[in-house]
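target.txt follows (compact mmCIF, C-alpha atoms and all ligand atoms):
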# COMPACT_ATOMS: atom_id res chain seq x y z
CA MET A 1 -4.11 101.70 45.57
CA HIS A 2 -7.29 102.00 43.54
CA PRO A 3 -10.21 103.55 45.50
CA VAL A 4 -13.68 103.33 43.99
CA LEU A 5 -16.67 105.18 45.42
CA ARG A 6 -20.00 104.08 44.07
CA PRO A 7 -23.69 104.06 45.03
CA LEU A 8 -24.82 101.34 47.42
CA GLY A 9 -27.18 99.18 45.41
CA ALA A 10 -29.49 96.24 45.92
CA LEU A 11 -26.63 93.81 45.36
CA ASP A 12 -24.61 95.38 48.19
CA LEU A 13 -27.13 94.92 51.02
CA ASP A 14 -25.39 92.01 52.74
CA ARG A 15 -22.01 93.71 52.55
CA ALA A 16 -23.40 96.99 53.86
CA ALA A 17 -25.22 95.26 56.73
CA ALA A 18 -22.01 93.38 57.61
CA MET A 19 -20.00 96.62 57.68
CA HIS A 20 -22.64 98.31 59.81
CA GLY A 21 -22.58 95.44 62.32
CA GLU A 22 -18.79 95.34 62.40
CA ALA A 23 -18.76 99.05 63.23
CA PHE A 24 -21.57 99.33 65.80
CA VAL A 25 -21.84 95.96 67.59
CA PRO A 26 -18.58 96.75 69.48
CA PHE A 27 -20.43 99.72 71.02
CA GLY A 28 -23.13 97.34 72.25
CA GLU A 29 -25.53 98.54 69.56
CA ARG A 30 -27.44 96.33 67.17
CA GLY A 31 -26.27 95.87 63.60
CA TRP A 32 -28.93 96.45 60.96
CA THR A 33 -30.29 93.44 59.11
CA ARG A 34 -30.24 93.12 55.34
CA GLN A 35 -34.00 93.82 55.34
CA GLU A 36 -33.63 96.99 57.45
CA MET A 37 -30.85 98.15 55.15
CA ALA A 38 -33.05 97.49 52.11
CA GLU A 39 -36.00 99.39 53.59
CA LEU A 40 -33.80 102.32 54.57
CA LEU A 41 -32.23 102.58 51.13
CA ALA A 42 -35.69 102.44 49.54
CA SER A 43 -36.92 105.41 51.63
CA PRO A 44 -37.46 108.77 49.93
CA GLY A 45 -34.32 110.89 49.67
CA VAL A 46 -32.00 108.18 51.00
CA ALA A 47 -28.79 107.21 49.21
CA GLY A 48 -25.81 105.11 50.15
CA LEU A 49 -22.17 105.11 49.10
CA LEU A 50 -19.73 102.23 49.16
CA LEU A 51 -15.95 102.70 49.21
CA GLU A 52 -13.81 99.90 47.84
CA ILE A 53 -10.04 99.95 47.60
CA ASP A 54 -8.38 97.44 45.29
CA GLY A 55 -11.68 95.56 45.12
CA VAL A 56 -12.02 95.23 48.91
CA ASP A 57 -14.91 96.72 50.91
CA VAL A 58 -13.52 99.51 53.09
CA GLY A 59 -16.48 101.57 54.22
CA MET A 60 -19.91 102.93 53.55
CA ALA A 61 -22.11 105.92 54.31
CA ILE A 62 -25.84 106.53 54.06
CA CYS A 63 -27.48 109.94 53.90
CA ARG A 64 -30.91 111.44 53.40
CA VAL A 65 -31.93 114.72 51.79
CA VAL A 66 -35.28 116.34 52.60
CA ALA A 67 -35.79 119.70 50.91
CA ASP A 68 -32.83 121.89 51.91
CA GLU A 69 -31.78 119.77 54.90
CA SER A 70 -29.81 116.55 54.92
CA GLU A 71 -28.78 113.93 57.42
CA LEU A 72 -25.81 111.60 57.67
CA ILE A 73 -27.62 108.46 58.78
CA THR A 74 -24.57 106.28 59.21
CA ILE A 75 -20.91 106.05 58.30
CA ALA A 76 -18.66 103.08 58.95
CA VAL A 77 -15.13 102.09 58.03
CA ARG A 78 -14.01 98.50 58.53
CA PRO A 79 -11.60 98.22 61.47
CA ALA A 80 -8.62 97.04 59.41
CA HIS A 81 -8.87 100.11 57.15
CA ARG A 82 -9.22 102.90 59.72
CA ARG A 83 -6.99 105.96 60.13
CA ARG A 84 -6.17 106.07 56.43
CA GLY A 85 -8.61 108.77 55.40
CA ALA A 86 -11.49 106.51 54.30
CA ALA A 87 -14.10 108.28 56.43
CA ARG A 88 -12.85 111.65 55.23
CA ARG A 89 -13.21 110.43 51.65
CA LEU A 90 -16.73 109.09 52.25
CA LEU A 91 -17.78 112.26 54.04
CA ALA A 92 -16.49 114.43 51.18
CA ALA A 93 -18.55 112.35 48.73
CA VAL A 94 -21.64 112.66 50.95
CA LEU A 95 -21.17 116.45 51.05
CA ASP A 96 -20.92 116.61 47.26
CA GLN A 97 -24.03 114.47 46.91
CA VAL A 98 -26.27 116.32 49.36
CA ARG A 99 -25.14 119.74 48.07
CA ALA A 100 -25.97 118.65 44.54
CA ALA A 101 -29.43 117.61 45.77
CA GLY A 102 -30.00 121.11 47.17
CA ALA A 103 -29.18 120.66 50.87
CA ARG A 104 -27.94 123.71 52.77
CA SER A 105 -27.12 121.87 55.98
CA LEU A 106 -26.07 118.37 57.05
CA PHE A 107 -27.12 117.01 60.46
CA LEU A 108 -25.98 113.90 62.29
CA GLU A 109 -26.29 112.24 65.66
CA VAL A 110 -23.18 110.86 67.35
CA ALA A 111 -22.69 109.10 70.67
CA THR A 112 -20.96 111.39 73.14
CA ASP A 113 -18.54 108.55 74.00
CA ASN A 114 -17.30 108.07 70.42
CA PRO A 115 -14.11 110.18 70.28
CA ALA A 116 -13.05 108.95 66.82
CA ALA A 117 -16.28 110.12 65.19
CA LEU A 118 -16.43 113.33 67.24
CA ARG A 119 -12.91 114.27 66.12
CA LEU A 120 -13.71 113.45 62.49
CA TYR A 121 -16.80 115.66 62.57
CA GLU A 122 -15.18 118.54 64.46
CA LEU A 123 -12.30 118.60 61.99
CA SER A 124 -14.83 118.57 59.15
CA GLY A 125 -16.51 121.69 60.50
CA PHE A 126 -19.56 120.27 62.30
CA CYS A 127 -20.80 122.05 65.43
CA VAL A 128 -22.81 120.60 68.31
CA VAL A 129 -26.32 122.04 68.16
CA GLY A 130 -28.19 119.70 70.51
CA ASN A 131 -28.05 116.88 73.01
CA ARG A 132 -30.24 113.76 73.16
CA PRO A 133 -29.96 111.96 76.52
CA ALA A 134 -30.02 108.14 76.48
CA TYR A 135 -30.47 108.13 72.71
CA PHE A 136 -28.51 105.07 71.47
CA ARG A 137 -29.73 101.77 72.90
CA ARG A 138 -26.93 99.42 73.91
CA GLY A 139 -28.16 95.93 74.71
CA ASP A 140 -28.83 95.52 78.40
CA GLY A 141 -26.45 98.33 79.35
CA PRO A 142 -27.24 102.01 79.76
CA ALA A 143 -28.18 103.88 76.60
CA ALA A 144 -25.63 106.38 75.32
CA ASP A 145 -26.23 110.11 75.06
CA ALA A 146 -25.97 111.69 71.63
CA TYR A 147 -24.92 115.05 70.32
CA VAL A 148 -26.76 116.48 67.37
CA MET A 149 -24.19 118.11 65.08
CA ARG A 150 -24.73 120.37 62.10
CA LEU A 151 -22.60 121.48 59.17
CA ASP A 152 -23.61 124.58 57.28
CA LEU A 153 -23.34 123.90 53.55
CA GLY A 154 -24.33 127.40 52.48
C1 LIG B 1 -15.36 107.03 62.96
C2 LIG B 1 -14.83 106.26 61.75
C3 LIG B 1 -15.87 106.27 60.65
C4 LIG B 1 -13.54 106.97 61.26
O1 LIG B 1 -13.10 106.28 60.09
P1 LIG B 1 -11.58 106.40 59.56
O2 LIG B 1 -11.56 105.99 58.14
O3 LIG B 1 -10.68 105.70 60.49
O4 LIG B 1 -11.34 107.97 59.67
P2 LIG B 1 -10.22 108.80 58.86
O5 LIG B 1 -9.00 107.95 58.67
O6 LIG B 1 -10.84 109.41 57.66
O7 LIG B 1 -9.88 109.90 59.97
C5 LIG B 1 -10.12 111.28 59.79
C6 LIG B 1 -9.78 112.00 61.08
O8 LIG B 1 -10.72 111.65 62.10
C7 LIG B 1 -10.04 111.58 63.37
N1 LIG B 1 -10.07 110.21 63.87
C8 LIG B 1 -10.44 109.08 63.20
N2 LIG B 1 -10.33 108.01 64.01
C9 LIG B 1 -9.88 108.47 65.20
C10 LIG B 1 -9.56 107.84 66.43
N3 LIG B 1 -9.69 106.51 66.61
N4 LIG B 1 -9.16 108.62 67.46
C11 LIG B 1 -9.02 109.96 67.30
N5 LIG B 1 -9.29 110.61 66.15
C12 LIG B 1 -9.72 109.87 65.11
C13 LIG B 1 -8.59 111.98 63.11
O9 LIG B 1 -8.48 113.35 63.29
C14 LIG B 1 -8.43 111.59 61.66
O10 LIG B 1 -7.40 112.27 61.01
P3 LIG B 1 -5.87 111.75 61.18
O11 LIG B 1 -5.88 110.26 61.02
O12 LIG B 1 -5.16 112.48 60.08
O13 LIG B 1 -5.45 112.16 62.56
C15 LIG B 1 -14.44 104.80 62.12
O14 LIG B 1 -13.64 104.81 63.29
C16 LIG B 1 -15.63 103.89 62.36
O15 LIG B 1 -16.17 103.28 61.43
N6 LIG B 1 -16.06 103.79 63.63
C17 LIG B 1 -17.21 102.93 63.98
C18 LIG B 1 -18.50 103.50 63.43
C19 LIG B 1 -18.73 104.94 63.88
O16 LIG B 1 -18.40 105.33 64.99
N7 LIG B 1 -19.35 105.73 62.97
C20 LIG B 1 -19.73 107.09 63.27
C21 LIG B 1 -21.00 107.08 64.05
S1 LIG B 1 -21.73 108.69 64.21

Structure translated into structure tokens:
Amino acid sequence: MHPVLRPLGALDLDRAAAMHGEAFVPFGERGWTRQEMAELLASPGVAGLLLEIDGVDVGMAICRVVADESELITIAVRPAHRRRGAARRLLAAVLDQVRAAGARSLFLEVATDNPAALRLYELSGFCVVGNRPAYFRRGDGPAADAYVMRLDLG
């Protein structure tokens, strides 16, 4: 097994958009287009990471740093590669990156009906600090509530 973590670049936009769709369309959410992914990655303070294992795309994460705060914008692991520590590995790399950029806290928003992500974040030390009702739009169905979670990096 040969894992490689590297920055998400302009040549990875299609792959990153595909991974995002594969992860979030099953929730009834909309996958980001290549163009949306490109615009996001070009925004100030935003950086993405791609995890490949043996040359195969496994997952990706995108974060943003603004002054001493940071945000995990998205994290996704391809279904066939889940429960093998890929998200933990991506999250650890995000933490290293945002700390190095001067962040003292990392925020994220997670749907309250996403037990896999909630467990991952709780085990990683995040605490719920807020609630956003009807935050994630899901097609024609009801929108999902979100928790705001925070990890102290100090
Ligand atoms: C959430 C997600 C990123 C986890 O990726 P993963 O690579 O499978 O996670 P890991 O293997 O690193 O798991 C780390 C820990 O998280 C918890 N966890 C992960 N998936 C879980 C699941 N389906 N049910 C319960 N706990 C889970 C476990 O505690 C796990 O440790 P363990 O396997 O030793 O028990 C992945 O399921 C995914 O891409 N989901 C769709 C997108 C998504 O929900 N992103 C987060 C939005 S905020």

* For segment 3-14 of chain A, list every protein, DNA or RNA residue within 12 Å, evaluated using all atoms listed in the file, and leave out those in the same chain fewer than 3 positions away; present the list as a ChimeraX atom specification. => /A:17-21,31-42,46-63,84-87,89-94,97

* Asked: Counting only C-alpha atoms and all ligand atoms, what residues are within 9 Å of ligand LIG 1 (chain B), given as number ranges by chain?
  -> A: 19-20, 22-24, 26-27, 58-61, 72-91, 108-111, 114-124

* **Computed interatomic separation between atom CA of Leu106 of chain A and atom CA of Leu153 of chain A (Å)** =>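 According to the coordinates, atom CA of Leu106 of chain A and atom CA of Leu153 of chain A are separated by 7.1 Å.
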
* Please provide the set of residues having any atom within 7 Å of Gly45 of chain A, restricted to all atoms listed in the file, with same-chain residues fewer than 5 positions apart removed, written as a list of chain:residue names. =>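 Selected residues are A:Arg64, A:Val65, A:Val66.
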
* Structure fact -> Using all atoms listed in the file, the residue out of A:Asp113, A:Gly125, A:Leu95, A:His2 with shortest distance to Asp145 of chain A is A:Asp113

* Determine, counting only C-alpha atoms, which protein, DNA and RNA residues have an atom within 8 Å of an atom of Phe107 of chain A; residues of the same chain fewer than 5 positions away are not included. Present the result as a VMD selection string. => chain A and resid 69 to 72 148 to 151

* Distance in Å - atom CA of Ala146 of chain A versus atom CA of Arg132 of chain A ->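 Atom-to-atom, atom CA of Ala146 of chain A to atom CA of Arg132 of chain A, that is 5.0 Å.
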
* **Two-atom distance - atom CA of Val98 of chain A, atom CA of Arg30 of chain A (Å)** =>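 We find that atom CA of Val98 of chain A and atom CA of Arg30 of chain A lie 26.8 Å from each other.
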
Let me know the centre plus edge lengths, in Å and rounded to one decimal, of a box with edges along x, y and z that contains all listed atoms of segment 66-76 of chain A and is padded by 8 Å on every side, as JSON.
{"center_x": -27.2, "center_y": 112.5, "center_z": 55.1, "size_x": 33.1, "size_y": 34.8, "size_z": 24.3}

Provide segment 56-97 of chain A of the preceding structure as a file containing C-alpha atoms, as an mmCIF file, in the first residue's frame.
data_model
loop_
_atom_site.group_PDB
_atom_site.id
_atom_site.type_symbol
_atom_site.label_atom_id
_atom_site.label_comp_id
_atom_site.auth_asym_id
_atom_site.auth_seq_id
_atom_site.Cartn_x
_atom_site.Cartn_y
_atom_site.Cartn_z
ATOM 1 C CA VAL A 56 -6.033 5.294 -7.154
ATOM 2 C CA ASP A 57 -8.118 8.267 -5.968
ATOM 3 C CA VAL A 58 -9.325 7.538 -2.447
ATOM 4 C CA GLY A 59 -10.454 10.843 -0.984
ATOM 5 C CA MET A 60 -10.097 14.568 -0.787
ATOM 6 C CA ALA A 61 -10.526 17.448 1.638
ATOM 7 C CA ILE A 62 -10.796 21.198 1.185
ATOM 8 C CA CYS A 63 -10.152 23.772 3.887
ATOM 9 C CA ARG A 64 -9.930 27.522 4.266
ATOM 10 C CA VAL A 65 -7.814 29.618 6.618
ATOM 11 C CA VAL A 66 -8.806 33.192 7.483
ATOM 12 C CA ALA A 67 -6.506 34.833 10.030
ATOM 13 C CA ASP A 68 -6.454 32.553 13.090
ATOM 14 C CA GLU A 69 -9.618 30.630 12.181
ATOM 15 C CA SER A 70 -10.029 27.816 9.699
ATOM 16 C CA GLU A 71 -12.847 25.811 8.199
ATOM 17 C CA LEU A 72 -13.094 22.279 6.864
ATOM 18 C CA ILE A 73 -15.194 22.977 3.776
ATOM 19 C CA THR A 74 -15.566 19.393 2.650
ATOM 20 C CA ILE A 75 -14.114 15.937 3.126
ATOM 21 C CA ALA A 76 -15.021 12.869 1.119
ATOM 22 C CA VAL A 77 -13.751 9.311 0.862
ATOM 23 C CA ARG A 78 -14.851 7.148 -2.056
ATOM 24 C CA PRO A 79 -17.318 4.475 -0.921
ATOM 25 C CA ALA A 80 -15.097 1.508 -1.794
ATOM 26 C CA HIS A 81 -12.281 2.873 0.389
ATOM 27 C CA ARG A 82 -14.172 3.754 3.574
ATOM 28 C CA ARG A 83 -13.483 2.482 7.097
ATOM 29 C CA ARG A 84 -9.767 2.115 6.427
ATOM 30 C CA GLY A 85 -8.588 5.332 8.037
ATOM 31 C CA ALA A 86 -8.547 7.523 4.906
ATOM 32 C CA ALA A 87 -10.639 10.310 6.449
ATOM 33 C CA ARG A 88 -8.503 10.226 9.580
ATOM 34 C CA ARG A 89 -5.416 10.578 7.400
ATOM 35 C CA LEU A 90 -6.907 13.467 5.408
ATOM 36 C CA LEU A 91 -8.077 15.213 8.568
ATOM 37 C CA ALA A 92 -4.620 14.910 10.145
ATOM 38 C CA ALA A 93 -3.103 16.513 7.035
ATOM 39 C CA VAL A 94 -5.695 19.314 7.125
ATOM 40 C CA LEU A 95 -4.853 19.965 10.788
ATOM 41 C CA ASP A 96 -1.133 20.163 9.994
ATOM 42 C CA GLN A 97 -1.823 22.531 7.114
#
